Structures are given as C-alpha cells and as structure tokens.
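Undergrad: Have a look at this one.
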Amino acid sequence: MKTPAFEVHMPKTLDHALEIAKDLHEGGHDFDWISGGTDLIPNYKWGINPKSHVISMSGVSELEGISTTRIGAMVRLQDIVESSVAHPLIVEAAGTIASVMIRRSGTLGGNLCLDTRCFWLNQSETWRKSIDYCHKCDEGTGADCRVIPNQNELCVATYQGDLAPALMCLDAQIHLASHRGTRSMPLEDFFQEDGITRNVLETGEIVTHIQLPENSADFIGSYQKLRLREAWDFPEGGVAFSVGVSADGSVSTINMASTGFESIPRKHKELIESLDKGPNWALEAERLGAELKRAVRPVLNTWFPPAYRKKMASVLARRAMEETSKRVTSG
C-alpha cells in the first residue's frame, strides 16, 4: 500500500508544537499528531481518513521521562517494559502489546489515543468502497453503521488499547495541553463513548503525561488479556484488577477496568462497590466475573463473536483477581 502524501512538521518544543497546531487549524488545514506512528501510518496506507499535515512529537523532550508517579506521553512502550521504576501493573500491561519491534516505536500517548477498530473499517479503501462505506469509513460519507444497521448517529468501533485499564486501576490522571492552556482529569473521564469521537481531546490539544497518586506503590494488581495470537494482536478483551494494601496489610482500595469490549475502556466502579474489602475478597472472583459478563456490551466487529467475548470477560476477571490475590499473599 502506498502512503498518501502529507507534510510533516517537526517541532522541538511543546510550545512550538502547539503553535503549529493552532496555525494549521486557523488556516483551515486538517492534521494529525503522530508519536510512534505504529497505528496511524498503517491507517494512512489503508486510506483511513488521512490528513494533509502531520505533527511529529518525536523531538519534544518534554514529553519523555519515567518515574514512579509520572510517565511522559512520548515514552516508548518497550522502555516501560524494561523500566525499573514504572509500576509493575503498567509494566505487565505494556509487555502484552504487539511485539518488541512495535513496542520500540509505539508510545504511551499513542496507545491511550489509539483509534477504535472494526472489521468494516480496517480494510483497504478499495474493499470498503466495493461494499459501500460504513459510518466511520472516510468520515462525511453519511453511510450507516454496518454493525448496527439503519443508524448513523453512533459509531460502535471497538477501543483496543492495553494500557488504559491498568492505569485506571492505579487511579491515574491524564494531563492535556493546547495553545489555550492545560487541563487534567481522571483517565476514565478522558474517553467518550463513540468510535469516531473517542476521547475529549479538542482540536490542537495533545496528551502530555500520565500522573499516578503518591500511594500508587501500595497497589498490587494483574492484567489479563484475550487475543487471537500470543503476540502482535490487539486485545479482544482485557481486564485489569488492583487492590491498595495499607501498611497494616488491610485492603483500602479495589479497582477493576476493562478494554476491548466496547468503544471505550471502562472502569467498573459499580461492580467493585459490591465487593467486600475484608480478608476474603478474593473468594468473590466467580461472582464478580459473572457480573462483569453481564455489564460489558461487545458487538460483532472483531475476530471473536460477542457471546464468546462476554464469556471471556468473566474468565479474565476471575484470573485477574486470583493472580492479584497470589501477589498480595506473597508479598
């Protein structure tokens, strides 16, 4: 596939990048941010909504750096995997992404802002055109959704990033910047339930870093993933689970989040509220898994059918809780 022509902008500072974005927007030019490009460039080659301008963040050192409580948006995924200071749950989730070659290019920010996927969308332009476009394909065609017929108001393409649920289970805050200023929010509030909109980023705005609470080291957790192959593939479903352990060994916080089942990753606060924080919390893994199975809403747009993905949501939740319990017990 031939990559369409576009102009690349290479800012060296965050302020310069945001100024370029402002000028392009005011000039009526469409543009994309690019970090590692492991998802954006293949989409461009498939003719999926390419833009005439691309702003590369590879030279912006302000978006680098890993500490126990902060990870820059341009940190490479493999650097997270090999980090001695990143939280073990983030390291575990990052290690399940694609392959080493992909992880050496892909970034934290890119994985969080990953475009939603659907087998009616992620095909060649020739294939998409031959069957009539879908609601998301080549935006502005006015076509109906091919997954849910006779509607073109909501895109149900699936979010398939791995890091979001792990970070949600650590109560992460996401930080954004634009020429208008900066803002931050809990990561679960960053995503919007529409496969086209995807998140709350405004035109010219970019993710700068993720911030974890000071007590994030007290969290112990596990990330469990369903995929067609053991490497390379996006998650068909993923569940992260964590518990916050106090100095006296008691459980202070419990979190669970999922990905790959809907158009957004989701933090399941309402399910966790029913979980006993006492010493026997792990015994409720079977019940919590069954409740997650009822809560997720996959559709027929990925490799595995919805019924199987719902069933595996229960299995993944149970595995994540059981593995977390082992880690809490061992230390």
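If you're wondering about the labels, chains in the structure tokens are A, B, ... by order shown, residues count from 1 in each chain, ligands from 1 in order shown.
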Name the residues in contact with range 206-218 of chain A at a cut-off of 6 Å, using only C-alpha atoms, excluding same-chain residues fewer than 6 positions from it; report them as a PyMOL selection string.
TA: chain A and resi 63+69-73+172-177+244-245
Undergrad: Output C-alpha atoms of each residue in that selection to a file, as a CSV table (one decimal), in the first residue's frame.
TA:
```
chain,number,residue,atom,x,y,z
A,63,LEU,CA,7.0,14.5,26.8
A,69,THR,CA,4.4,8.6,39.6
A,70,ARG,CA,4.8,10.2,36.1
A,71,ILE,CA,5.1,8.8,32.6
A,72,GLY,CA,5.5,11.1,29.6
A,73,ALA,CA,3.3,10.6,26.6
A,172,ALA,CA,-4.2,7.7,37.1
A,173,GLN,CA,-4.8,11.3,36.0
A,174,ILE,CA,-4.2,12.3,32.3
A,175,HIS,CA,-2.8,15.7,31.5
A,176,LEU,CA,-3.5,17.6,28.3
A,177,ALA,CA,-2.1,20.7,26.7
A,244,GLY,CA,-4.5,-1.0,47.5
A,245,VAL,CA,-2.8,-2.5,50.5
```
Undergrad: DSSP says alpha helix (DSSP H) for which residues of range 58-187 of chain A? Put them as number ranges by chain?
TA: A: 77-81, 88-95, 100-103, 108-112, 125-130, 163-168
Undergrad: Which residues of range 98-149 of chain A come within 8 Å of range 286-310 of chain A, and for each one, what is the closest pair of atoms and their distance in Å to one decimal, counting only C-alpha atoms, sorted by chain and residue number, as a Markdown table?
TA:
```
| residue | atom | partner | partner_atom | distance |
| --- | --- | --- | --- | --- |
| A:Arg117 | CA | A:Thr302 | CA | 7.9 |
| A:Cys118 | CA | A:Asn301 | CA | 5.0 |
| A:Phe119 | CA | A:Asn301 | CA | 5.4 |
| A:Trp120 | CA | A:Asn301 | CA | 7.2 |
| A:Val147 | CA | A:Leu300 | CA | 6.6 |
```
Undergrad: Can you list, as number ranges by chain, every residue of range 131-305 of chain A that DSSP puts in strand (DSSP E or B)?
TA: A: 158, 173-178, 181-186, 191, 199, 206-211, 219-226, 237-245, 251-259, 266-267
Undergrad: Go through A:Ala285, A:Ile131, A:Leu163, A:Cys113 one by one, measure the shortest atom-to-atom distance of each to Ser325 in chain A using only C-alpha atoms, and give the residue with the smallest value.
TA: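 The answer is A:Ala285, which sits nearest to Ser325 in chain A.
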Undergrad: Please determine, counting only C-alpha atoms, which residue among A:Gln78, A:Ser58, A:Gln224, A:Thr96 has the shortest atom-to-atom distance to Glu322 in chain A.
TA: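 Distance minimum relative to Glu322 in chain A lands on A:Gln224.
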Undergrad: Could you pull the residues within 10 Å of Arg180 in chain A, counting only C-alpha atoms, minus those fewer than 2 positions along the same chain, as a short mmCIF file (atom, residue, chain, number, x, y, z; two decimals) with N, CA and C atoms, in the first residue's frame?
TA:
```
data_model
loop_
_atom_site.label_atom_id
_atom_site.label_comp_id
_atom_site.auth_asym_id
_atom_site.auth_seq_id
_atom_site.Cartn_x
_atom_site.Cartn_y
_atom_site.Cartn_z
N LEU A 18 2.36 23.15 19.76
CA LEU A 18 1.02 23.68 19.96
C LEU A 18 0.76 24.90 19.08
N LYS A 22 -2.14 25.29 16.23
CA LYS A 22 -3.02 26.47 16.20
C LYS A 22 -3.03 27.10 14.81
N ALA A 177 -2.61 19.37 26.94
CA ALA A 177 -2.15 20.75 26.70
C ALA A 177 -2.55 21.19 25.30
N SER A 178 -2.82 22.49 25.18
CA SER A 178 -3.08 23.12 23.88
C SER A 178 -2.63 24.57 23.99
N THR A 182 -3.63 24.27 29.83
CA THR A 182 -3.53 22.86 30.22
C THR A 182 -4.74 22.46 31.05
N ARG A 183 -5.01 21.16 31.11
CA ARG A 183 -6.05 20.63 31.96
C ARG A 183 -5.73 19.17 32.26
N GLY A 204 -6.16 20.62 18.26
CA GLY A 204 -4.91 21.25 18.71
C GLY A 204 -4.46 20.84 20.08
N GLU A 205 -5.18 19.94 20.71
CA GLU A 205 -4.84 19.51 22.07
C GLU A 205 -4.14 18.15 22.02
#
```
